[in-house]
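Reading through the C-alpha coordinates given below for one structure.
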Amino acid sequence: MTCRDMDGMISSHSGDSLLSPEAAEHIVGCERCRSLMRLVDEAREIPAPSEIQLKRIQSGILKNLKPVRPLPPSRIFLFAFALIFVSVVAVGTLMLGINGWSVLSMEQKIAIFATLSASAVLLALSMARQMVPGSKHAVSPATLPIAILVVLMLVIAAMFRSEEEPAFVANGLMCIRNGLEYSLPTALLFWMLLRRGAILFPKLIGAAAGGFSGLIGLSVLEINCSNLNVYHILVWHWGVILIASLAGVAVGAAVEYIDRYRDQKNSF
Amino acid sequence: MARYQRADPAAPAALVKLLSPQLYRFFAGPMGSKTDAEDMLQDVWLRIHRVRHTYRPGEPVLPWVYAIARRVRVDDYRKRHRIASRETGVDVLPETWVNKDERSCLPRFEELVAALPESQREVVTMLKVDGLSIEEVARATSSTVGAVKQKAHRAYERLRKLLEQTPMAQTARKGATQ
(Lines give C-alpha, C1' and ligand atoms only; values in the text may rest on other atoms or scores of the structure.)
Protein backbone atom coordinates (compact mmCIF):
# COMPACT_ATOMS: atom_id res chain seq x y z
CA MET A 1 0.00 0.00 0.00
CA THR A 2 1.30 3.49 -0.93
CA CYS A 3 0.70 6.90 0.65
CA ARG A 4 -1.61 7.68 -2.32
CA ASP A 5 -3.67 4.55 -1.57
CA MET A 6 -3.91 5.73 2.03
CA ASP A 7 -5.63 8.96 0.97
CA GLY A 8 -8.92 7.22 0.16
CA MET A 9 -8.68 5.38 3.46
CA ILE A 10 -8.04 8.61 5.38
CA SER A 11 -11.05 10.27 3.71
CA SER A 12 -13.43 7.52 4.79
CA HIS A 13 -11.84 6.61 8.13
CA SER A 14 -13.39 7.86 11.37
CA GLY A 15 -11.44 7.94 14.61
CA ASP A 16 -13.23 5.00 16.20
CA SER A 17 -13.20 2.57 13.24
CA LEU A 18 -10.54 -0.06 12.62
CA LEU A 19 -8.02 0.15 9.79
CA SER A 20 -7.63 -2.64 7.24
CA PRO A 21 -4.55 -4.88 7.86
CA GLU A 22 -2.75 -3.41 4.80
CA ALA A 23 -3.43 0.15 5.94
CA ALA A 24 -2.35 -0.65 9.50
CA GLU A 25 0.87 -2.16 8.17
CA HIS A 26 1.54 0.95 6.07
CA ILE A 27 0.84 3.27 9.02
CA VAL A 28 3.38 1.40 11.18
CA GLY A 29 6.13 1.94 8.62
CA CYS A 30 5.24 5.42 7.35
CA GLU A 31 5.78 8.36 9.69
CA ARG A 32 4.14 10.82 7.24
CA CYS A 33 0.85 8.93 7.07
CA ARG A 34 0.90 8.21 10.81
CA SER A 35 1.20 11.93 11.65
CA LEU A 36 -1.51 12.79 9.12
CA MET A 37 -3.90 10.17 10.53
CA ARG A 38 -3.32 11.45 14.06
CA LEU A 39 -3.89 15.02 12.88
CA VAL A 40 -7.16 14.40 11.04
CA ASP A 41 -8.54 12.16 13.78
CA GLU A 42 -8.45 15.06 16.23
CA ALA A 43 -10.40 17.23 13.76
CA ARG A 44 -13.80 16.73 15.36
CA GLU A 45 -12.88 18.21 18.74
CA ILE A 46 -14.88 21.40 18.30
CA PRO A 47 -17.42 22.67 20.86
CA ALA A 48 -21.16 22.52 20.15
CA PRO A 49 -23.49 25.52 19.75
CA SER A 50 -25.24 26.82 22.87
CA GLU A 51 -28.64 25.46 23.88
CA ILE A 52 -30.02 29.01 24.01
CA GLN A 53 -29.16 29.56 20.38
CA LEU A 54 -30.71 26.26 19.32
CA LYS A 55 -33.91 27.17 21.19
CA ARG A 56 -33.97 30.56 19.47
CA ILE A 57 -33.59 28.93 16.03
CA GLN A 58 -36.27 26.34 16.81
CA SER A 59 -38.77 28.95 17.99
CA GLY A 60 -37.97 31.13 14.95
CA ILE A 61 -38.79 28.25 12.61
CA LEU A 62 -41.94 27.27 14.50
CA LYS A 63 -43.24 30.84 14.29
CA ASN A 64 -43.18 30.69 10.46
CA LEU A 65 -43.97 27.03 9.96
CA LYS A 66 -46.39 26.35 7.11
CA PRO A 67 -46.76 23.25 4.94
CA VAL A 68 -44.94 23.41 1.60
CA ARG A 69 -45.27 21.28 -1.51
CA PRO A 70 -41.97 19.67 -2.57
CA LEU A 71 -40.52 20.80 -5.87
CA PRO A 72 -41.79 18.71 -8.83
CA PRO A 73 -39.39 16.07 -10.18
CA SER A 74 -36.53 17.19 -12.43
CA ARG A 75 -38.11 15.50 -15.46
CA ILE A 76 -40.99 18.02 -15.34
CA PHE A 77 -38.53 20.89 -15.55
CA LEU A 78 -36.53 19.13 -18.26
CA PHE A 79 -39.70 18.68 -20.25
CA ALA A 80 -40.54 22.38 -19.81
CA PHE A 81 -37.04 23.42 -20.93
CA ALA A 82 -37.25 21.13 -23.98
CA LEU A 83 -40.71 22.41 -24.85
CA ILE A 84 -39.57 26.04 -24.70
CA PHE A 85 -36.47 25.22 -26.78
CA VAL A 86 -38.38 23.41 -29.53
CA SER A 87 -41.26 25.92 -29.59
CA VAL A 88 -39.04 28.99 -29.87
CA VAL A 89 -36.85 27.41 -32.56
CA ALA A 90 -40.01 26.40 -34.46
CA VAL A 91 -41.39 29.94 -34.23
CA GLY A 92 -38.03 31.35 -35.35
CA THR A 93 -37.93 28.98 -38.30
CA LEU A 94 -41.46 29.93 -39.34
CA MET A 95 -40.76 33.64 -39.04
CA LEU A 96 -37.29 33.75 -40.65
CA GLY A 97 -37.31 30.80 -43.05
CA ILE A 98 -35.00 27.85 -43.66
CA ASN A 99 -32.44 29.32 -46.06
CA GLY A 100 -29.56 28.19 -43.88
CA TRP A 101 -30.77 24.61 -43.55
CA SER A 102 -30.96 24.33 -47.38
CA VAL A 103 -27.33 25.39 -47.97
CA LEU A 104 -25.73 23.29 -45.20
CA SER A 105 -24.06 20.04 -46.25
CA MET A 106 -25.07 16.80 -44.52
CA GLU A 107 -21.82 16.76 -42.48
CA GLN A 108 -22.34 20.35 -41.39
CA LYS A 109 -25.95 19.66 -40.40
CA ILE A 110 -24.96 16.61 -38.36
CA ALA A 111 -21.97 18.27 -36.66
CA ILE A 112 -23.69 21.55 -35.82
CA PHE A 113 -27.09 20.26 -34.76
CA ALA A 114 -25.72 17.26 -32.86
CA THR A 115 -23.43 19.62 -30.89
CA LEU A 116 -26.29 22.06 -30.31
CA SER A 117 -28.62 19.28 -29.13
CA ALA A 118 -26.00 17.73 -26.83
CA SER A 119 -25.17 21.16 -25.40
CA ALA A 120 -28.86 21.92 -24.83
CA VAL A 121 -29.39 18.58 -23.02
CA LEU A 122 -26.35 19.13 -20.78
CA LEU A 123 -27.31 22.71 -19.91
CA ALA A 124 -30.94 21.73 -19.24
CA LEU A 125 -29.76 18.95 -16.89
CA SER A 126 -27.37 21.34 -15.19
CA MET A 127 -30.13 23.93 -14.65
CA ALA A 128 -32.59 21.36 -13.31
CA ARG A 129 -29.96 20.07 -10.89
CA GLN A 130 -28.85 23.50 -9.76
CA MET A 131 -32.44 24.18 -8.67
CA VAL A 132 -32.06 21.54 -5.96
CA PRO A 133 -29.13 21.97 -3.54
CA GLY A 134 -26.91 18.93 -3.14
CA SER A 135 -27.77 17.39 -6.51
CA LYS A 136 -25.38 15.11 -8.33
CA HIS A 137 -23.51 16.82 -11.19
CA ALA A 138 -21.74 14.92 -13.97
CA VAL A 139 -19.93 18.12 -15.01
CA SER A 140 -19.29 21.03 -12.68
CA PRO A 141 -21.86 23.83 -13.32
CA ALA A 142 -18.99 26.32 -13.41
CA THR A 143 -17.14 24.44 -16.15
CA LEU A 144 -20.07 23.45 -18.36
CA PRO A 145 -21.02 26.81 -19.99
CA ILE A 146 -17.36 27.52 -20.77
CA ALA A 147 -16.81 24.02 -22.16
CA ILE A 148 -19.88 24.37 -24.38
CA LEU A 149 -18.72 27.73 -25.72
CA VAL A 150 -15.29 26.29 -26.55
CA VAL A 151 -16.64 23.09 -28.15
CA LEU A 152 -19.11 25.02 -30.30
CA MET A 153 -16.38 27.39 -31.42
CA LEU A 154 -14.14 24.48 -32.39
CA VAL A 155 -16.93 22.67 -34.25
CA ILE A 156 -17.82 25.82 -36.19
CA ALA A 157 -14.14 26.47 -36.99
CA ALA A 158 -13.72 22.88 -38.19
CA MET A 159 -16.89 22.67 -40.28
CA PHE A 160 -16.92 26.00 -42.14
CA ARG A 161 -14.44 27.81 -44.41
CA SER A 162 -13.45 31.40 -44.90
CA GLU A 163 -15.41 33.10 -47.72
CA GLU A 164 -15.43 36.54 -49.31
CA GLU A 165 -18.02 38.72 -47.57
CA PRO A 166 -18.30 42.39 -48.54
CA ALA A 167 -20.89 43.53 -45.94
CA PHE A 168 -19.41 41.64 -42.98
CA VAL A 169 -20.60 44.02 -40.27
CA ALA A 170 -24.00 44.93 -41.79
CA ASN A 171 -24.92 41.26 -42.37
CA GLY A 172 -23.57 40.31 -38.99
CA LEU A 173 -25.49 42.93 -37.05
CA MET A 174 -28.71 41.70 -38.64
CA CYS A 175 -27.89 38.11 -37.63
CA ILE A 176 -26.92 38.93 -34.06
CA ARG A 177 -30.07 41.01 -33.66
CA ASN A 178 -32.20 38.12 -34.95
CA GLY A 179 -30.46 35.66 -32.63
CA LEU A 180 -30.80 37.85 -29.54
CA GLU A 181 -34.46 38.57 -30.35
CA TYR A 182 -35.15 34.89 -29.78
CA SER A 183 -32.63 34.34 -26.99
CA LEU A 184 -33.24 37.10 -24.50
CA PRO A 185 -37.05 36.81 -24.11
CA THR A 186 -36.62 33.03 -23.72
CA ALA A 187 -34.08 33.61 -20.94
CA LEU A 188 -36.83 35.39 -18.99
CA LEU A 189 -39.08 32.31 -19.33
CA PHE A 190 -36.27 30.12 -18.00
CA TRP A 191 -35.66 32.49 -15.14
CA MET A 192 -39.32 32.24 -14.10
CA LEU A 193 -39.00 28.45 -14.00
CA LEU A 194 -35.66 28.49 -12.21
CA ARG A 195 -36.95 30.80 -9.48
CA ARG A 196 -39.11 27.95 -8.21
CA GLY A 197 -35.96 26.18 -7.02
CA ALA A 198 -33.24 27.22 -4.60
CA ILE A 199 -30.80 29.36 -6.51
CA LEU A 200 -27.67 29.15 -4.39
CA PHE A 201 -25.22 30.52 -6.94
CA PRO A 202 -27.21 32.93 -9.16
CA LYS A 203 -24.25 33.75 -11.43
CA LEU A 204 -23.71 30.07 -12.28
CA ILE A 205 -27.37 29.36 -12.97
CA GLY A 206 -27.55 32.67 -14.87
CA ALA A 207 -24.68 31.56 -17.11
CA ALA A 208 -26.43 28.22 -17.74
CA ALA A 209 -29.81 29.85 -18.48
CA GLY A 210 -28.15 32.49 -20.69
CA GLY A 211 -26.16 29.81 -22.50
CA PHE A 212 -29.28 27.72 -23.03
CA SER A 213 -31.24 30.63 -24.46
CA GLY A 214 -28.18 31.51 -26.57
CA LEU A 215 -28.33 27.99 -28.03
CA ILE A 216 -31.90 28.73 -29.10
CA GLY A 217 -30.75 31.89 -30.89
CA LEU A 218 -27.87 30.02 -32.54
CA SER A 219 -30.19 27.21 -33.67
CA VAL A 220 -32.59 29.73 -35.22
CA LEU A 221 -29.68 31.42 -37.02
CA GLU A 222 -28.18 28.16 -38.30
CA ILE A 223 -31.56 27.21 -39.79
CA ASN A 224 -32.20 30.67 -41.21
CA CYS A 225 -28.87 32.24 -42.26
CA SER A 226 -27.39 31.09 -45.56
CA ASN A 227 -24.01 32.76 -44.97
CA LEU A 228 -21.39 29.99 -44.62
CA ASN A 229 -18.38 32.23 -43.97
CA VAL A 230 -16.63 30.82 -40.90
CA TYR A 231 -15.84 34.30 -39.52
CA HIS A 232 -19.47 35.39 -39.91
CA ILE A 233 -20.66 32.34 -37.97
CA LEU A 234 -17.96 32.63 -35.33
CA VAL A 235 -18.49 36.32 -34.66
CA TRP A 236 -22.21 36.89 -35.23
CA HIS A 237 -23.80 33.49 -34.57
CA TRP A 238 -21.56 32.13 -31.82
CA GLY A 239 -21.52 35.66 -30.38
CA VAL A 240 -25.22 35.23 -29.55
CA ILE A 241 -24.38 32.49 -27.02
CA LEU A 242 -21.51 34.51 -25.61
CA ILE A 243 -23.67 37.62 -25.14
CA ALA A 244 -26.59 35.62 -23.73
CA SER A 245 -24.28 33.80 -21.27
CA LEU A 246 -22.67 37.05 -20.12
CA ALA A 247 -26.12 38.63 -19.77
CA GLY A 248 -27.13 35.64 -17.63
CA VAL A 249 -24.10 36.13 -15.39
CA ALA A 250 -24.94 39.85 -15.08
CA VAL A 251 -28.56 39.08 -14.13
CA GLY A 252 -27.26 36.50 -11.63
CA ALA A 253 -24.95 39.09 -10.09
CA ALA A 254 -27.87 41.51 -9.77
CA VAL A 255 -30.01 38.82 -8.12
CA GLU A 256 -27.18 38.02 -5.70
CA TYR A 257 -26.93 41.69 -4.79
CA ILE A 258 -30.68 41.95 -4.18
CA ASP A 259 -30.67 38.72 -2.13
CA ARG A 260 -27.91 40.08 0.08
CA TYR A 261 -30.03 43.08 0.98
CA ARG A 262 -33.09 40.90 1.57
CA ASP A 263 -31.11 38.59 3.86
CA GLN A 264 -29.87 41.52 5.92
CA LYS A 265 -33.48 42.44 6.69
CA ASN A 266 -34.68 38.90 7.49
CA SER A 267 -33.68 36.96 10.58
CA PHE A 268 -35.37 34.74 13.09
CA MET B 1 -37.39 16.57 6.27
CA ALA B 2 -40.64 15.28 4.75
CA ARG B 3 -42.40 15.93 8.08
CA TYR B 4 -40.84 19.40 8.19
CA GLN B 5 -42.30 20.08 4.74
CA ARG B 6 -45.71 18.99 6.05
CA ALA B 7 -45.29 21.52 8.92
CA ASP B 8 -45.10 18.91 11.69
CA PRO B 9 -43.90 21.10 14.64
CA ALA B 10 -41.74 18.31 16.10
CA ALA B 11 -39.74 17.87 12.89
CA PRO B 12 -37.84 21.19 12.70
CA ALA B 13 -36.99 21.02 16.41
CA ALA B 14 -35.54 17.54 15.95
CA LEU B 15 -33.65 18.57 12.81
CA VAL B 16 -32.16 21.64 14.46
CA LYS B 17 -31.01 19.55 17.41
CA LEU B 18 -29.58 16.82 15.19
CA LEU B 19 -27.83 18.88 12.52
CA SER B 20 -26.77 22.05 14.32
CA PRO B 21 -23.67 20.62 16.09
CA GLN B 22 -22.41 19.29 12.76
CA LEU B 23 -23.14 22.56 10.95
CA TYR B 24 -21.54 24.52 13.77
CA ARG B 25 -18.38 22.45 13.32
CA PHE B 26 -18.46 23.25 9.61
CA PHE B 27 -18.73 27.00 10.28
CA ALA B 28 -16.37 27.08 13.25
CA GLY B 29 -13.84 24.98 11.38
CA PRO B 30 -10.40 26.24 10.42
CA MET B 31 -10.06 30.00 10.89
CA GLY B 32 -13.67 30.45 12.00
CA SER B 33 -14.61 32.36 15.12
CA LYS B 34 -17.31 31.37 17.61
CA THR B 35 -19.36 34.50 16.96
CA ASP B 36 -19.18 34.05 13.19
CA ALA B 37 -20.15 30.39 13.53
CA GLU B 38 -23.20 31.31 15.60
CA ASP B 39 -24.27 33.93 13.06
CA MET B 40 -23.82 31.50 10.19
CA LEU B 41 -25.73 28.78 12.03
CA GLN B 42 -28.68 31.12 12.42
CA ASP B 43 -28.40 32.19 8.77
CA VAL B 44 -28.25 28.64 7.45
CA TRP B 45 -31.44 27.66 9.28
CA LEU B 46 -33.17 30.73 7.92
CA ARG B 47 -32.22 29.67 4.38
CA ILE B 48 -33.06 26.02 4.97
CA HIS B 49 -36.49 27.16 6.15
CA ARG B 50 -36.93 29.35 3.08
CA VAL B 51 -35.99 26.68 0.53
CA ARG B 52 -37.32 23.60 2.36
CA HIS B 53 -39.66 22.91 -0.58
CA THR B 54 -36.60 22.09 -2.75
CA TYR B 55 -35.74 19.01 -0.71
CA ARG B 56 -37.04 15.93 -2.49
CA PRO B 57 -38.13 13.17 -0.08
CA GLY B 58 -35.94 10.10 -0.48
CA GLU B 59 -32.83 12.07 -1.43
CA PRO B 60 -29.93 12.29 1.06
CA VAL B 61 -30.39 15.20 3.49
CA LEU B 62 -26.77 16.00 4.32
CA PRO B 63 -25.63 17.08 0.82
CA TRP B 64 -28.76 19.25 0.55
CA VAL B 65 -28.07 20.91 3.90
CA TYR B 66 -24.34 21.31 3.29
CA ALA B 67 -24.85 22.83 -0.15
CA ILE B 68 -26.89 25.57 1.57
CA ALA B 69 -24.34 25.83 4.40
CA ARG B 70 -21.57 26.24 1.87
CA ARG B 71 -23.40 29.17 0.29
CA VAL B 72 -23.83 30.75 3.73
CA ARG B 73 -20.11 30.40 4.38
CA VAL B 74 -19.23 31.98 1.03
CA ASP B 75 -21.55 34.92 1.78
CA ASP B 76 -20.12 35.31 5.27
CA TYR B 77 -16.58 35.26 3.92
CA ARG B 78 -17.45 37.96 1.37
CA LYS B 79 -19.20 40.05 4.01
CA ARG B 80 -16.22 39.87 6.35
CA HIS B 81 -13.88 40.62 3.47
CA ARG B 82 -15.92 43.72 2.58
CA ILE B 83 -15.94 44.91 6.18
CA ALA B 84 -12.24 44.19 6.62
CA SER B 85 -11.37 46.17 3.51
CA ARG B 86 -12.94 49.25 5.12
CA GLU B 87 -11.42 48.80 8.55
CA THR B 88 -7.95 49.97 9.53
CA GLY B 89 -7.46 47.81 12.61
CA VAL B 90 -9.07 46.36 15.73
CA ASP B 91 -8.03 46.56 19.33
CA VAL B 92 -9.51 43.24 20.36
CA LEU B 93 -9.31 40.19 18.16
CA PRO B 94 -12.54 38.21 17.74
CA GLU B 95 -13.02 35.35 20.16
CA THR B 96 -11.99 32.09 18.53
CA TRP B 97 -12.91 28.64 19.66
CA VAL B 98 -9.35 27.44 19.10
CA ASN B 99 -7.41 26.74 22.27
CA LYS B 100 -3.98 25.40 21.63
CA ASP B 101 -3.55 22.15 23.46
CA GLU B 102 -0.32 22.61 25.35
CA ARG B 103 0.04 18.89 25.91
CA SER B 104 0.01 18.06 22.24
CA CYS B 105 3.34 17.98 20.45
CA LEU B 106 1.69 18.03 17.02
CA PRO B 107 0.30 21.26 15.64
CA ARG B 108 -3.47 21.36 15.81
CA PHE B 109 -5.61 20.33 12.85
CA GLU B 110 -7.04 23.83 12.39
CA GLU B 111 -3.61 25.45 12.30
CA LEU B 112 -2.38 23.27 9.46
CA VAL B 113 -5.64 23.15 7.54
CA ALA B 114 -5.74 26.95 7.59
CA ALA B 115 -2.68 26.88 5.32
CA LEU B 116 -4.57 24.99 2.59
CA PRO B 117 -6.28 26.71 -0.36
CA GLU B 118 -9.98 27.37 0.28
CA SER B 119 -11.31 24.60 -1.98
CA GLN B 120 -9.05 21.95 -0.40
CA ARG B 121 -9.78 23.22 3.10
CA GLU B 122 -13.51 22.95 2.42
CA VAL B 123 -13.21 19.36 1.23
CA VAL B 124 -11.03 18.29 4.18
CA THR B 125 -13.36 20.03 6.65
CA MET B 126 -16.43 18.32 5.22
CA LEU B 127 -14.70 14.93 5.17
CA LYS B 128 -12.88 15.00 8.49
CA VAL B 129 -14.69 17.53 10.68
CA ASP B 130 -18.26 16.90 9.56
CA GLY B 131 -17.82 13.25 8.66
CA LEU B 132 -19.41 13.43 5.19
CA SER B 133 -18.61 10.76 2.60
CA ILE B 134 -16.82 11.63 -0.65
CA GLU B 135 -20.10 11.23 -2.55
CA GLU B 136 -21.88 13.60 -0.13
CA VAL B 137 -19.09 16.18 -0.41
CA ALA B 138 -19.30 15.97 -4.22
CA ARG B 139 -23.04 16.66 -4.11
CA ALA B 140 -22.73 19.45 -1.55
CA THR B 141 -20.04 21.23 -3.55
CA SER B 142 -21.74 20.68 -6.96
CA SER B 143 -18.65 18.78 -7.96
CA THR B 144 -17.76 15.27 -9.07
CA VAL B 145 -16.45 12.40 -6.95
CA GLY B 146 -13.21 12.43 -8.94
CA ALA B 147 -12.67 16.15 -8.33
CA VAL B 148 -13.28 15.72 -4.59
CA LYS B 149 -10.81 12.82 -4.41
CA GLN B 150 -8.24 14.91 -6.26
CA LYS B 151 -8.70 17.88 -3.90
CA ALA B 152 -8.48 15.59 -0.86
CA HIS B 153 -5.31 13.97 -2.22
CA ARG B 154 -3.68 17.37 -2.82
CA ALA B 155 -4.73 18.54 0.64
CA TYR B 156 -3.31 15.43 2.34
CA GLU B 157 -0.06 15.76 0.42
CA ARG B 158 0.22 19.38 1.53
CA LEU B 159 -0.58 18.44 5.13
CA ARG B 160 2.06 15.68 5.07
CA LYS B 161 4.63 18.24 3.89
CA LEU B 162 3.57 20.73 6.56
CA LEU B 163 3.75 18.03 9.21
CA GLU B 164 7.28 17.15 8.09
CA GLN B 165 8.30 20.76 8.68
CA THR B 166 7.15 20.76 12.32
CA PRO B 167 9.93 20.81 14.94
CA MET B 168 8.73 17.51 16.35
CA ALA B 169 9.06 15.72 13.00
CA GLN B 170 12.47 17.25 12.40
CA THR B 171 13.68 16.12 15.82
CA ALA B 172 12.33 12.63 15.17
CA ARG B 173 14.16 12.51 11.83
CA LYS B 174 17.43 13.65 13.43
CA GLY B 175 17.01 10.98 16.11
CA ALA B 176 16.45 8.32 13.47
CA THR B 177 19.58 9.25 11.50
CA GLN B 178 21.85 9.30 14.58
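In the C-alpha coordinates, chains take the letters A, B, ... in the order shown, each chain's residues start at 1, and ligands count up from 1 in the order shown.
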Would you give me, as an MDAnalysis selection string, the residues of chain A that come within 7 Å of chain B, using only C-alpha atoms? chainID A and resid 7 11:12 32 36 39:40 42:44 46 48:49 54 57:58 61:62 65:71 132:140 197:198 200 267:268
Run DSSP on the backbone and grab whatever in stretch 48-103 of chain A lands in helix (DSSP H, G or I); send it over as a VMD selection string. chain A and resid 51 to 63 74 to 96 99 to 103
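Shortest atom-to-atom contact with A:Phe85 among A:Tyr182, A:Trp238, A:Tyr261, A:Phe201: A:Tyr182, counting only C-alpha atoms.
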My list of candidates is A:Leu173, A:Met95, A:Ile148, A:Val230. Which is closest to A:Arg161 when distances are computed with only C-alpha atoms? A:Val230
Skip A:Tyr231 itself and residues of its chain fewer than 4 positions away, then list as a ChimeraX atom specification all residues within 12 Å of it, counting only C-alpha atoms. /A:153,156-165,168-169,171-172,227,235-239
